[in-house]
>>> print(open('coords33.txt').read())   # compact mmCIF, C-alpha atoms and all ligand atoms
# COMPACT_ATOMS: atom_id res chain seq x y z
CA MET Z 240 -79.89 43.69 47.83
CA LYS Z 241 -81.62 40.91 45.99
CA SER Z 242 -85.25 39.83 46.04
CA ILE Z 243 -85.69 36.15 45.25
CA LEU Z 244 -88.81 34.09 44.74
CA ILE Z 245 -88.34 30.40 45.60
CA THR Z 246 -91.24 28.10 44.71
CA GLY Z 247 -91.85 24.80 46.53
CA GLY Z 248 -89.88 25.90 49.59
CA ALA Z 249 -92.05 23.90 52.00
CA GLY Z 250 -91.11 20.65 50.28
CA PHE Z 251 -88.10 18.43 50.76
CA ILE Z 252 -85.37 20.06 48.63
CA GLY Z 253 -86.97 23.50 48.59
CA SER Z 254 -86.89 23.78 52.39
CA HIS Z 255 -83.12 23.21 52.41
CA VAL Z 256 -82.65 25.75 49.61
CA VAL Z 257 -84.80 28.35 51.38
CA ARG Z 258 -82.92 27.84 54.66
CA ARG Z 259 -79.54 28.15 52.92
CA PHE Z 260 -80.49 31.39 51.16
CA VAL Z 261 -82.17 32.96 54.21
CA LYS Z 262 -79.20 32.19 56.47
CA LYS Z 263 -76.33 32.74 54.05
CA TYR Z 264 -77.64 35.92 52.45
CA PRO Z 265 -79.21 38.09 55.17
CA GLU Z 266 -79.13 41.01 52.71
CA TYR Z 267 -81.48 39.14 50.32
CA GLN Z 268 -85.25 39.09 50.70
CA ILE Z 269 -86.43 35.50 50.24
CA TYR Z 270 -90.06 34.84 49.27
CA ASN Z 271 -91.15 31.23 49.59
CA LEU Z 272 -94.20 30.48 47.45
CA ASP Z 273 -95.89 27.14 48.11
CA SER Z 274 -99.46 25.89 47.88
CA LEU Z 275 -98.84 23.31 50.65
CA THR Z 276 -99.94 20.15 48.92
CA TYR Z 277 -99.57 16.86 50.82
CA ALA Z 278 -95.79 17.24 50.27
CA GLY Z 279 -95.53 20.79 51.56
CA ASN Z 280 -94.86 21.08 55.27
CA LEU Z 281 -94.09 24.36 56.96
CA GLU Z 282 -92.60 22.44 59.87
CA ASN Z 283 -89.63 21.82 57.56
CA ILE Z 284 -88.66 25.48 57.84
CA SER Z 285 -90.14 26.48 61.19
CA ASP Z 286 -86.64 27.45 62.41
CA ILE Z 287 -86.38 30.34 59.95
CA GLU Z 288 -89.95 31.61 59.75
CA GLN Z 289 -89.22 34.57 62.06
CA GLU Z 290 -86.17 35.74 60.13
CA PRO Z 291 -86.60 39.33 58.90
CA ASN Z 292 -85.52 38.45 55.35
CA TYR Z 293 -88.07 35.64 54.96
CA THR Z 294 -91.70 35.76 53.77
CA PHE Z 295 -94.04 32.84 53.11
CA ILE Z 296 -96.65 33.17 50.37
CA LYS Z 297 -99.33 30.50 50.18
CA ALA Z 298 -100.21 30.39 46.50
CA ASP Z 299 -100.70 27.90 43.71
CA ILE Z 300 -98.61 28.16 40.55
CA THR Z 301 -101.55 26.85 38.53
CA ASP Z 302 -103.24 30.20 39.24
CA ALA Z 303 -101.90 32.58 36.57
CA THR Z 304 -103.81 35.58 37.93
CA VAL Z 305 -102.24 35.27 41.37
CA LEU Z 306 -98.76 34.97 39.86
CA SER Z 307 -99.25 37.96 37.60
CA ALA Z 308 -100.40 40.09 40.59
CA LEU Z 309 -97.41 38.90 42.62
CA PHE Z 310 -94.94 39.94 39.92
CA LYS Z 311 -96.65 43.37 39.74
CA GLU Z 312 -96.29 43.77 43.49
CA HIS Z 313 -92.62 42.67 43.72
CA ASP Z 314 -89.56 43.33 41.63
CA PHE Z 315 -87.90 39.91 41.87
CA ASP Z 316 -84.30 39.65 40.74
CA GLY Z 317 -84.46 35.91 40.53
CA VAL Z 318 -86.82 32.95 40.59
CA ILE Z 319 -85.70 29.51 41.79
CA HIS Z 320 -88.46 27.17 40.72
CA LEU Z 321 -88.76 23.90 42.64
CA ALA Z 322 -92.53 23.58 43.10
CA ALA Z 323 -93.69 20.39 41.46
CA GLU Z 324 -95.52 17.15 41.88
CA SER Z 325 -92.49 14.93 42.43
CA HIS Z 326 -93.46 11.30 43.07
CA VAL Z 327 -93.36 8.87 40.13
CA ASP Z 328 -95.89 6.42 41.62
CA ARG Z 329 -98.44 9.19 42.14
CA SER Z 330 -97.94 10.28 38.52
CA ILE Z 331 -98.83 6.77 37.37
CA ALA Z 332 -102.01 6.86 39.48
CA ASN Z 333 -102.99 10.42 38.49
CA PRO Z 334 -101.06 12.07 35.64
CA GLN Z 335 -103.34 15.11 35.29
CA VAL Z 336 -102.18 16.91 38.42
CA PHE Z 337 -98.59 16.52 37.17
CA VAL Z 338 -99.51 18.29 33.94
CA ASN Z 339 -101.35 21.00 35.86
CA THR Z 340 -98.54 21.79 38.27
CA ASN Z 341 -95.37 20.81 36.43
CA VAL Z 342 -96.30 21.96 32.94
CA THR Z 343 -99.05 24.60 33.26
CA GLY Z 344 -97.68 25.88 36.58
CA THR Z 345 -94.19 26.34 35.10
CA LEU Z 346 -95.68 28.02 32.03
CA ASN Z 347 -97.63 30.41 34.28
CA LEU Z 348 -94.45 31.29 36.13
CA LEU Z 349 -92.55 31.85 32.87
CA ASN Z 350 -95.36 34.09 31.59
CA ALA Z 351 -95.51 36.10 34.81
CA PHE Z 352 -91.71 36.57 34.66
CA LYS Z 353 -91.73 37.48 30.95
CA ASP Z 354 -94.70 39.84 31.23
CA ALA Z 355 -93.12 41.65 34.17
CA TYR Z 356 -89.53 41.93 32.91
CA GLY Z 357 -89.69 41.14 29.17
CA GLU Z 358 -88.84 44.72 28.15
CA ASN Z 359 -85.55 44.52 30.02
CA PHE Z 360 -84.28 41.25 31.50
CA GLU Z 361 -81.05 42.92 32.71
CA GLY Z 362 -80.01 41.49 36.09
CA LYS Z 363 -82.83 38.92 36.12
CA ARG Z 364 -82.56 35.15 36.30
CA PHE Z 365 -85.07 32.27 36.05
CA TYR Z 366 -83.68 29.05 37.50
CA HIS Z 367 -85.62 25.89 36.73
CA ILE Z 368 -84.91 22.78 38.84
CA SER Z 369 -85.31 19.53 36.95
CA THR Z 370 -84.44 15.88 37.20
CA ASP Z 371 -82.24 13.25 35.57
CA GLU Z 372 -85.42 11.25 34.88
CA VAL Z 373 -86.11 13.33 31.75
CA TYR Z 374 -83.28 11.43 30.03
CA GLY Z 375 -85.16 8.13 30.41
CA THR Z 376 -83.23 5.04 31.31
CA LEU Z 377 -79.66 3.76 30.89
CA GLY Z 378 -78.57 0.19 30.32
CA GLU Z 379 -75.77 -1.35 32.37
CA ASN Z 380 -73.24 1.24 31.13
CA GLY Z 381 -72.95 4.92 30.32
CA LEU Z 382 -73.87 8.19 31.99
CA PHE Z 383 -76.40 10.97 31.30
CA THR Z 384 -74.67 14.11 30.02
CA GLU Z 385 -76.22 17.50 29.32
CA THR Z 386 -76.59 16.52 25.64
CA THR Z 387 -78.29 13.16 26.21
CA PRO Z 388 -81.61 13.28 24.28
CA TYR Z 389 -84.75 13.48 26.40
CA ALA Z 390 -86.73 10.21 26.55
CA PRO Z 391 -89.02 10.38 29.60
CA ASN Z 392 -90.81 7.15 30.55
CA SER Z 393 -93.21 8.09 33.36
CA PRO Z 394 -95.95 10.73 33.45
CA TYR Z 395 -93.82 12.51 36.08
CA SER Z 396 -90.70 12.65 33.92
CA ALA Z 397 -92.77 13.53 30.83
CA SER Z 398 -94.22 16.50 32.70
CA LYS Z 399 -90.77 17.60 33.90
CA ALA Z 400 -89.39 17.20 30.36
CA ALA Z 401 -92.24 19.33 28.98
CA SER Z 402 -91.52 22.04 31.54
CA ASP Z 403 -87.79 21.96 30.70
CA HIS Z 404 -88.63 22.38 27.02
CA PHE Z 405 -90.84 25.39 27.77
CA VAL Z 406 -88.05 27.01 29.79
CA ARG Z 407 -85.59 26.49 26.97
CA ALA Z 408 -88.12 27.71 24.39
CA TYR Z 409 -88.77 30.91 26.38
CA GLY Z 410 -85.02 31.45 26.43
CA GLU Z 411 -84.78 31.09 22.64
CA THR Z 412 -88.00 32.87 21.73
CA TYR Z 413 -88.21 35.71 24.23
CA GLY Z 414 -84.61 35.90 25.42
CA LEU Z 415 -85.68 34.89 28.91
CA PRO Z 416 -82.50 34.51 30.99
CA TYR Z 417 -82.65 31.00 32.39
CA VAL Z 418 -80.44 28.32 33.90
CA LEU Z 419 -81.58 24.72 34.28
CA THR Z 420 -80.25 21.80 36.29
CA ASN Z 421 -81.02 18.08 36.14
CA CYS Z 422 -80.26 16.31 39.38
CA SER Z 423 -80.24 12.69 40.50
CA ASN Z 424 -82.04 11.17 43.54
CA ASN Z 425 -81.73 13.28 46.69
CA TYR Z 426 -81.91 11.98 50.24
CA GLY Z 427 -81.68 13.66 53.64
CA PRO Z 428 -83.69 15.24 56.48
CA ASN Z 429 -87.34 16.14 55.78
CA HIS Z 430 -87.60 13.68 52.89
CA PHE Z 431 -91.26 12.77 52.55
CA PRO Z 432 -91.76 9.12 53.58
CA GLU Z 433 -93.28 7.94 50.31
CA LYS Z 434 -89.85 7.86 48.62
CA LEU Z 435 -87.57 4.84 48.98
CA ILE Z 436 -85.11 5.89 51.72
CA PRO Z 437 -87.45 7.69 54.17
CA LEU Z 438 -90.26 5.17 53.59
CA PHE Z 439 -87.95 2.28 54.42
CA ILE Z 440 -86.44 4.05 57.46
CA ASN Z 441 -89.96 4.61 58.76
CA ASN Z 442 -91.01 1.02 58.06
CA ILE Z 443 -87.90 -0.40 59.73
CA ILE Z 444 -88.61 1.69 62.85
CA GLN Z 445 -92.16 0.32 62.85
CA ASN Z 446 -91.20 -3.26 61.91
CA LYS Z 447 -93.34 -3.04 58.78
CA PRO Z 448 -92.60 -4.79 55.44
CA LEU Z 449 -90.10 -3.13 53.09
CA PRO Z 450 -91.81 -3.22 49.65
CA VAL Z 451 -89.03 -3.66 47.07
CA TYR Z 452 -90.36 -3.24 43.52
CA GLY Z 453 -89.65 -6.08 41.07
CA ASP Z 454 -86.33 -7.86 41.63
CA GLY Z 455 -84.73 -4.80 43.28
CA ASN Z 456 -82.03 -4.61 40.62
CA TYR Z 457 -82.83 -1.03 39.65
CA THR Z 458 -80.03 1.48 40.02
CA ARG Z 459 -80.17 5.09 41.21
CA ASP Z 460 -77.48 7.71 41.86
CA TRP Z 461 -77.93 9.25 45.33
CA LEU Z 462 -76.97 12.77 46.41
CA PHE Z 463 -77.23 14.30 49.88
CA VAL Z 464 -79.82 17.10 49.75
CA LEU Z 465 -77.51 19.74 51.26
CA ASP Z 466 -75.04 19.11 48.45
CA HIS Z 467 -77.87 19.75 45.99
CA ALA Z 468 -78.65 23.03 47.81
CA ILE Z 469 -74.98 24.06 47.52
CA ALA Z 470 -75.07 23.30 43.79
CA ILE Z 471 -78.28 25.33 43.38
CA ASP Z 472 -76.66 28.29 45.16
CA LEU Z 473 -73.65 28.09 42.84
CA VAL Z 474 -75.63 27.73 39.63
CA PHE Z 475 -77.99 30.54 40.62
CA HIS Z 476 -75.09 32.92 41.20
CA LYS Z 477 -72.47 31.72 38.74
CA GLY Z 478 -74.07 29.45 36.15
CA ARG Z 479 -73.91 30.62 32.56
CA ASN Z 480 -77.08 31.99 31.00
CA HIS Z 481 -79.11 29.52 28.85
CA GLU Z 482 -77.03 26.60 30.14
CA THR Z 483 -77.98 23.23 31.59
CA TYR Z 484 -75.93 21.55 34.31
CA ASN Z 485 -76.23 17.95 35.47
CA ILE Z 486 -75.89 17.39 39.22
CA GLY Z 487 -75.18 13.97 40.73
CA GLY Z 488 -73.43 12.14 43.51
CA PHE Z 489 -71.17 9.77 41.53
CA ASN Z 490 -72.84 7.30 43.84
CA GLU Z 491 -74.76 4.48 42.17
CA TRP Z 492 -76.61 1.85 44.16
CA LYS Z 493 -78.83 -1.05 43.18
CA ASN Z 494 -82.03 -0.66 45.22
CA ILE Z 495 -81.63 -4.03 46.91
CA ASP Z 496 -78.03 -3.31 47.95
CA LEU Z 497 -79.04 0.07 49.31
CA VAL Z 498 -81.94 -1.45 51.23
CA LYS Z 499 -79.65 -4.09 52.78
CA LEU Z 500 -77.13 -1.39 53.75
CA LEU Z 501 -79.93 0.62 55.36
CA CYS Z 502 -81.17 -2.46 57.23
CA GLY Z 503 -77.68 -3.14 58.61
CA ILE Z 504 -77.15 0.43 59.85
CA MET Z 505 -80.63 0.55 61.35
CA ASP Z 506 -80.14 -2.78 63.18
CA GLU Z 507 -77.07 -1.29 64.85
CA LYS Z 508 -78.68 2.04 65.72
CA LEU Z 509 -81.86 0.39 67.04
CA GLY Z 510 -79.92 -2.25 69.00
CA ARG Z 511 -81.51 -5.08 67.01
CA LEU Z 512 -79.85 -8.35 66.07
CA SER Z 513 -77.87 -8.18 62.84
CA GLY Z 514 -80.16 -9.38 60.01
CA ASP Z 515 -83.42 -8.55 61.81
CA SER Z 516 -84.47 -5.68 59.53
CA GLU Z 517 -83.54 -7.56 56.34
CA LYS Z 518 -86.27 -10.05 57.24
CA LEU Z 519 -88.75 -7.24 56.51
CA ILE Z 520 -87.76 -7.12 52.81
CA THR Z 521 -90.78 -8.06 50.68
CA TYR Z 522 -90.64 -8.17 46.90
CA VAL Z 523 -93.80 -6.59 45.46
CA LYS Z 524 -95.29 -5.88 42.03
CA ASP Z 525 -92.98 -3.74 39.92
CA ARG Z 526 -93.58 -0.08 39.08
CA PRO Z 527 -94.94 0.11 35.49
CA GLY Z 528 -92.37 1.57 33.06
CA HIS Z 529 -89.71 1.32 35.78
CA ASP Z 530 -86.45 2.92 34.59
CA LEU Z 531 -83.59 0.44 35.01
CA ARG Z 532 -80.73 2.79 35.77
CA TYR Z 533 -79.94 6.48 36.22
CA ALA Z 534 -76.36 7.75 36.42
CA ILE Z 535 -75.21 11.32 36.07
CA ASP Z 536 -72.06 12.73 34.55
CA ALA Z 537 -71.57 15.86 36.69
CA THR Z 538 -68.21 16.89 35.24
CA LYS Z 539 -69.54 20.09 33.62
CA ILE Z 540 -70.67 21.68 36.90
CA ASN Z 541 -67.43 20.49 38.51
CA ARG Z 542 -65.27 21.95 35.75
CA GLU Z 543 -67.13 25.26 35.34
CA LEU Z 544 -68.27 26.00 38.88
CA GLY Z 545 -66.02 23.81 41.03
CA TRP Z 546 -68.96 21.91 42.55
CA ALA Z 547 -68.52 18.40 43.97
CA PRO Z 548 -70.38 16.53 46.71
CA THR Z 549 -69.03 17.46 50.16
CA VAL Z 550 -70.17 14.38 52.08
CA THR Z 551 -69.68 10.68 51.44
CA PHE Z 552 -72.73 8.44 51.14
CA GLU Z 553 -71.82 6.80 54.45
CA GLU Z 554 -71.78 10.18 56.23
CA GLY Z 555 -74.93 11.42 54.53
CA LEU Z 556 -76.90 8.24 55.16
CA ASN Z 557 -75.88 8.04 58.83
CA PHE Z 558 -76.79 11.71 59.30
CA THR Z 559 -80.15 11.12 57.60
CA ILE Z 560 -81.02 8.03 59.65
CA ASP Z 561 -80.08 9.84 62.87
CA TRP Z 562 -82.24 12.78 61.84
CA PHE Z 563 -85.26 10.52 61.36
CA LEU Z 564 -84.61 8.70 64.63
CA ASN Z 565 -84.35 12.04 66.47
CA ASN Z 566 -87.41 13.55 64.78
CA LYS Z 567 -90.06 10.90 65.30
CA ASP Z 568 -92.68 13.63 65.86
CA TRP Z 569 -92.05 15.00 62.39
CA LEU Z 570 -92.43 11.50 60.99
CA LYS Z 571 -95.61 10.93 62.97
CA ASN Z 572 -97.13 14.18 61.76
CA VAL Z 573 -96.51 13.54 58.10
CA THR Z 574 -97.58 9.92 58.20
CA SER Z 575 -101.11 10.83 59.20
CA GLY Z 576 -104.17 11.86 57.16
CA ALA Z 577 -103.89 12.08 53.40
CA TYR Z 578 -100.58 10.27 53.33
CA LEU Z 579 -102.06 7.19 54.99
CA ASN Z 580 -104.93 7.02 52.49
CA TYR Z 581 -102.45 7.16 49.64
CA TYR Z 582 -100.23 4.61 51.33
CA ASN Z 583 -103.06 2.12 51.72
CA LYS Z 584 -104.09 2.53 48.09
CA GLN Z 585 -100.54 2.07 46.81
CA TYR Z 586 -99.58 -0.94 48.92
CA SER Z 587 -102.84 -2.74 49.72
P1 LIG F 1 -91.55 17.71 47.12
O1 LIG F 1 -92.68 16.93 46.55
O2 LIG F 1 -90.97 17.30 48.42
O3 LIG F 1 -91.99 19.24 47.28
C1 LIG F 1 -92.70 19.93 46.30
C2 LIG F 1 -93.21 21.23 46.90
O4 LIG F 1 -93.93 21.93 45.87
C3 LIG F 1 -94.17 21.03 48.07
O5 LIG F 1 -93.87 21.92 49.12
C4 LIG F 1 -95.54 21.34 47.47
O6 LIG F 1 -96.46 21.86 48.41
C5 LIG F 1 -95.16 22.37 46.41
N1 LIG F 1 -96.15 22.41 45.32
C6 LIG F 1 -96.65 21.35 44.63
N2 LIG F 1 -97.56 21.77 43.74
C7 LIG F 1 -97.62 23.12 43.85
C8 LIG F 1 -98.37 24.12 43.20
N3 LIG F 1 -99.27 23.82 42.24
N4 LIG F 1 -98.18 25.42 43.54
C9 LIG F 1 -97.28 25.74 44.52
N5 LIG F 1 -96.57 24.83 45.19
C10 LIG F 1 -96.73 23.53 44.86
O7 LIG F 1 -90.47 17.77 45.97
P2 LIG F 1 -88.87 17.68 46.08
O8 LIG F 1 -88.48 16.27 46.15
O9 LIG F 1 -88.42 18.64 47.09
O10 LIG F 1 -88.48 18.22 44.62
C11 LIG F 1 -88.36 19.61 44.37
C12 LIG F 1 -88.01 19.81 42.91
O11 LIG F 1 -86.79 19.14 42.61
C13 LIG F 1 -89.04 19.25 41.93
O12 LIG F 1 -89.13 20.13 40.86
C14 LIG F 1 -88.45 17.91 41.50
O13 LIG F 1 -88.89 17.58 40.22
C15 LIG F 1 -86.98 18.23 41.54
N6 LIG F 1 -86.08 17.08 41.80
C16 LIG F 1 -86.29 16.28 42.87
C17 LIG F 1 -85.39 15.25 43.14
C18 LIG F 1 -85.56 14.33 44.32
O14 LIG F 1 -84.80 13.37 44.45
N7 LIG F 1 -86.49 14.57 45.22
C19 LIG F 1 -84.29 15.05 42.30
C20 LIG F 1 -84.12 15.89 41.19
C21 LIG F 1 -85.02 16.93 40.96
O1 LIG F 2 -83.86 10.74 39.84
C1 LIG F 2 -84.44 11.88 40.41
C2 LIG F 2 -85.83 11.54 40.89
O2 LIG F 2 -85.67 10.75 42.06
C3 LIG F 2 -86.67 12.79 41.18
O3 LIG F 2 -86.89 13.50 40.01
C4 LIG F 2 -88.02 12.37 41.80
O4 LIG F 2 -88.74 13.52 42.18
C5 LIG F 2 -87.75 11.52 43.02
O5 LIG F 2 -88.98 11.07 43.56
C6 LIG F 2 -86.87 10.33 42.68
O6 LIG F 2 -87.56 9.42 41.80
P1 LIG F 2 -87.42 7.82 41.97
O7 LIG F 2 -88.61 7.21 41.33
O8 LIG F 2 -86.10 7.35 41.56
O9 LIG F 2 -87.49 7.73 43.58
P2 LIG F 2 -88.27 6.71 44.54
O10 LIG F 2 -87.75 6.98 45.92
O11 LIG F 2 -89.74 6.73 44.33
O12 LIG F 2 -87.72 5.30 44.07
C7 LIG F 2 -86.34 4.99 44.09
C8 LIG F 2 -86.19 3.57 43.61
O13 LIG F 2 -86.75 2.67 44.59
C9 LIG F 2 -86.93 3.28 42.31
O14 LIG F 2 -86.17 2.35 41.54
C10 LIG F 2 -88.23 2.64 42.76
C11 LIG F 2 -87.82 1.90 44.02
N1 LIG F 2 -88.87 1.77 45.06
C12 LIG F 2 -89.51 2.90 45.46
C13 LIG F 2 -90.49 2.84 46.42
C14 LIG F 2 -91.23 4.08 46.86
C15 LIG F 2 -89.15 0.54 45.62
O15 LIG F 2 -88.54 -0.49 45.27
N2 LIG F 2 -90.14 0.47 46.57
C16 LIG F 2 -90.83 1.57 46.98
O16 LIG F 2 -91.74 1.44 47.84
>>> encode(input="coords33.txt", output="structure tokens")
Amino acid sequence: MKSILITGGAGFIGSHVVRRFVKKYPEYQIYNLDSLTYAGNLENISDIEQEPNYTFIKADITDATVLSALFKEHDFDGVIHLAAESHVDRSIANPQVFVNTNVTGTLNLLNAFKDAYGENFEGKRFYHISTDEVYGTLGENGLFTETTPYAPNSPYSASKAASDHFVRAYGETYGLPYVLTNCSNNYGPNHFPEKLIPLFINNIIQNKPLPVYGDGNYTRDWLFVLDHAIAIDLVFHKGRNHETYNIGGFNEWKNIDLVKLLCGIMDEKLGRLSGDSEKLITYVKDRPGHDLRYAIDATKINRELGWAPTVTFEEGLNFTIDWFLNNKDWLKNVTSGAYLNYYNKQYS
């Protein structure tokens, strides 16, 4: 019997992780803590909310008192920490909230964990989910490994880097038993439509412009979100203490090539003429400090834990597009209210 606290479980990746743990481990008690910011959506996990081994806790990780009370009330065996502000463009517009949640919030969680179990960490585990963006940018060649020095370039990645450093420091200073992973760009169902793939799927459906930043020659490595959830499950259960693992899809795409691929698939699925959606491509002002290229060397997690992506990009992308086309209500719900205000500010 395990009791696990997952933070950020109403968000994109967190919802897939929560679902996997609730379904795969009926003997575990899963507590999903989320403050439900604009990115948190309980609809993402409505299918499991009645499960007997699932509890939702609406709480904010910036509130240290609430966290401390929670850790007094429950004896958690593990924490899987995904709650974060996650969108680079928002971090450029408002860095402070990224410091509050990603840095202070993570510190609060570490303190609550340490204060509750610091006398005896036996059987406990703190799993911090991070990003490849902490490594900064690559040139045309090379891959990020677990020993690549941190060189974050956006307020988002700086805040994630700071939180990673605190996790590591708590491991060294207080013996806190942690594991940490740095993953590349995820895509899949429930992806909030402010990020490249879901935003562009939504805009293609609505025949709206596709705002490509700069010349579109920026490169990202894409991983299907369910493969990330599988990796998280493995690292949580089998990863070595005080270790970092890189997770990636071995799947690099220049933004413009990815957008053209997406346009082609969408034309077919929507019964449009080939080339119709590409006409929506609009080059817009570049993102400041835009990292040129991310690419992950995921051989360590493959070698030690046997993890590798289970779906090809073609399969994952088709599945994702179909999910969005079949869940237009979900899309409609999240593209209302606060999201629209942000959207207008970003793209006006
Ligand atoms: P997301 O923005 O979709 O979800 C974040 C969740 O955290 C939301 O449910 C939100 O309500 C919650 N949250 C935010 N602030 C909170 C606070 N103060 N207290 C409690 N809950 C709060 O993010 P995501 O894309 O699912 O990313 C999850 C994690 O994975 C993040 O730590 C992110 O840095 C990391 N990551 C994301 C990607 C990616 O491609 N999306 C890749 C690598 C790593
Ligand atoms: O690499 C992992 C990271 O991937 C995660 O840590 C972040 O949480 C996640 O948001 C994602 O960051 P990116 O900045 O890479 O993702 P985004 O979808 O915002 O952008 C992907 C690329 O597409 C990037 O080069 C910027 C570009 N882009 C993005 C948007 C939203 C555009 O050209 N136009 C757009 O409108």
>>> axis_aligned_box(input="coords33.txt", around="stretch 440-453 of chain Z", padding_each_side="6 Å", output="JSON")
{"center_x": -89.9, "center_y": -0.7, "center_z": 52.0, "size_x": 18.9, "size_y": 22.7, "size_z": 33.8}
>>> closest_atom_pairs(input="coords33.txt", of="chain Z", to="ligand LIG 1 (chain F)", cutoff="8 Å", atoms="all atoms listed in the file", output="tab-separated table")
residue	atom	partner	partner_atom	distance
Z:Thr246	CA	F:LIG1	N5	6.3
Z:Gly247	CA	F:LIG1	O4	3.6
Z:Gly248	CA	F:LIG1	O5	5.7
Z:Ala249	CA	F:LIG1	O5	3.9
Z:Gly250	CA	F:LIG1	O5	3.3
Z:Phe251	CA	F:LIG1	O9	3.7
Z:Ile252	CA	F:LIG1	O9	3.7
Z:Gly253	CA	F:LIG1	O9	5.3
Z:Ser254	CA	F:LIG1	O9	7.5
Z:Leu272	CA	F:LIG1	C9	6.4
Z:Asp273	CA	F:LIG1	N5	3.8
Z:Ser274	CA	F:LIG1	C9	4.0
Z:Leu275	CA	F:LIG1	O6	3.6
Z:Thr276	CA	F:LIG1	O6	3.9
Z:Tyr277	CA	F:LIG1	O6	6.4
Z:Ala278	CA	F:LIG1	C3	4.7
Z:Gly279	CA	F:LIG1	O5	3.2
Z:Asn280	CA	F:LIG1	O5	6.3
Z:Lys297	CA	F:LIG1	C9	7.7
Z:Ala298	CA	F:LIG1	C9	5.8
Z:Asp299	CA	F:LIG1	N4	3.5
Z:Ile300	CA	F:LIG1	N4	4.1
Z:Thr301	CA	F:LIG1	N3	5.3
Z:His320	CA	F:LIG1	O12	7.1
Z:Leu321	CA	F:LIG1	C12	4.2
Z:Ala322	CA	F:LIG1	O4	3.5
Z:Ala323	CA	F:LIG1	C6	4.4
Z:Glu324	CA	F:LIG1	C6	5.1
Z:Ser325	CA	F:LIG1	O1	4.6
Z:His326	CA	F:LIG1	O1	6.7
Z:Asn339	CA	F:LIG1	N3	7.3
Z:Thr340	CA	F:LIG1	N3	4.5
Z:Asn341	CA	F:LIG1	N3	7.6
Z:Gly344	CA	F:LIG1	N3	6.2
Z:His367	CA	F:LIG1	O12	7.9
Z:Ile368	CA	F:LIG1	O12	5.4
Z:Ser369	CA	F:LIG1	C21	4.8
Z:Thr370	CA	F:LIG1	C21	3.9
Z:Asp371	CA	F:LIG1	C20	6.5
Z:Glu372	CA	F:LIG1	C20	7.9
Z:Lys399	CA	F:LIG1	O13	6.6
Z:Asn421	CA	F:LIG1	C20	6.3
Z:Cys422	CA	F:LIG1	C20	4.3
Z:Ser423	CA	F:LIG1	C19	5.0
Z:Asn424	CA	F:LIG1	O14	3.6
Z:Asn425	CA	F:LIG1	O14	3.8
Z:Tyr426	CA	F:LIG1	O14	6.6
Z:His430	CA	F:LIG1	O2	6.7
Z:Phe431	CA	F:LIG1	O2	6.1
>>> atom_distance(input="coords33.txt", atom1="atom CA of Z:Phe405", atom2="atom CA of Z:His529")
25.4 Å
>>> residues_near_ligand(input="coords33.txt", ligand="ligand LIG 2 (chain F)", cutoff="9 Å", atoms="all atoms listed in the file", output="number ranges by chain")
Z: 323-328, 369-373, 395-396, 399, 421-426, 432-439, 449-461, 493-495, 498, 522-523, 525-526, 529-534, 585-586
>>> write_last_selection(input="coords33.txt", atoms="C-alpha atoms", output="short mmCIF file (atom, residue, chain, number, x, y, z; two decimals), keeping the file's coordinate frame")
data_model
loop_
_atom_site.label_atom_id
_atom_site.label_comp_id
_atom_site.auth_asym_id
_atom_site.auth_seq_id
_atom_site.Cartn_x
_atom_site.Cartn_y
_atom_site.Cartn_z
CA ALA Z 323 -93.69 20.39 41.46
CA GLU Z 324 -95.52 17.15 41.88
CA SER Z 325 -92.49 14.93 42.43
CA HIS Z 326 -93.46 11.30 43.07
CA VAL Z 327 -93.36 8.87 40.13
CA ASP Z 328 -95.89 6.42 41.62
CA SER Z 369 -85.31 19.53 36.95
CA THR Z 370 -84.44 15.88 37.20
CA ASP Z 371 -82.24 13.25 35.57
CA GLU Z 372 -85.42 11.25 34.88
CA VAL Z 373 -86.11 13.33 31.75
CA TYR Z 395 -93.82 12.51 36.08
CA SER Z 396 -90.70 12.65 33.92
CA LYS Z 399 -90.77 17.60 33.90
CA ASN Z 421 -81.02 18.08 36.14
CA CYS Z 422 -80.26 16.31 39.38
CA SER Z 423 -80.24 12.69 40.50
CA ASN Z 424 -82.04 11.17 43.54
CA ASN Z 425 -81.73 13.28 46.69
CA TYR Z 426 -81.91 11.98 50.24
CA PRO Z 432 -91.76 9.12 53.58
CA GLU Z 433 -93.28 7.94 50.31
CA LYS Z 434 -89.85 7.86 48.62
CA LEU Z 435 -87.57 4.84 48.98
CA ILE Z 436 -85.11 5.89 51.72
CA PRO Z 437 -87.45 7.69 54.17
CA LEU Z 438 -90.26 5.17 53.59
CA PHE Z 439 -87.95 2.28 54.42
CA LEU Z 449 -90.10 -3.13 53.09
CA PRO Z 450 -91.81 -3.22 49.65
CA VAL Z 451 -89.03 -3.66 47.07
CA TYR Z 452 -90.36 -3.24 43.52
CA GLY Z 453 -89.65 -6.08 41.07
CA ASP Z 454 -86.33 -7.86 41.63
CA GLY Z 455 -84.73 -4.80 43.28
CA ASN Z 456 -82.03 -4.61 40.62
CA TYR Z 457 -82.83 -1.03 39.65
CA THR Z 458 -80.03 1.48 40.02
CA ARG Z 459 -80.17 5.09 41.21
CA ASP Z 460 -77.48 7.71 41.86
CA TRP Z 461 -77.93 9.25 45.33
CA LYS Z 493 -78.83 -1.05 43.18
CA ASN Z 494 -82.03 -0.66 45.22
CA ILE Z 495 -81.63 -4.03 46.91
CA VAL Z 498 -81.94 -1.45 51.23
CA TYR Z 522 -90.64 -8.17 46.90
CA VAL Z 523 -93.80 -6.59 45.46
CA ASP Z 525 -92.98 -3.74 39.92
CA ARG Z 526 -93.58 -0.08 39.08
CA HIS Z 529 -89.71 1.32 35.78
CA ASP Z 530 -86.45 2.92 34.59
CA LEU Z 531 -83.59 0.44 35.01
CA ARG Z 532 -80.73 2.79 35.77
CA TYR Z 533 -79.94 6.48 36.22
CA ALA Z 534 -76.36 7.75 36.42
CA GLN Z 585 -100.54 2.07 46.81
CA TYR Z 586 -99.58 -0.94 48.92
#
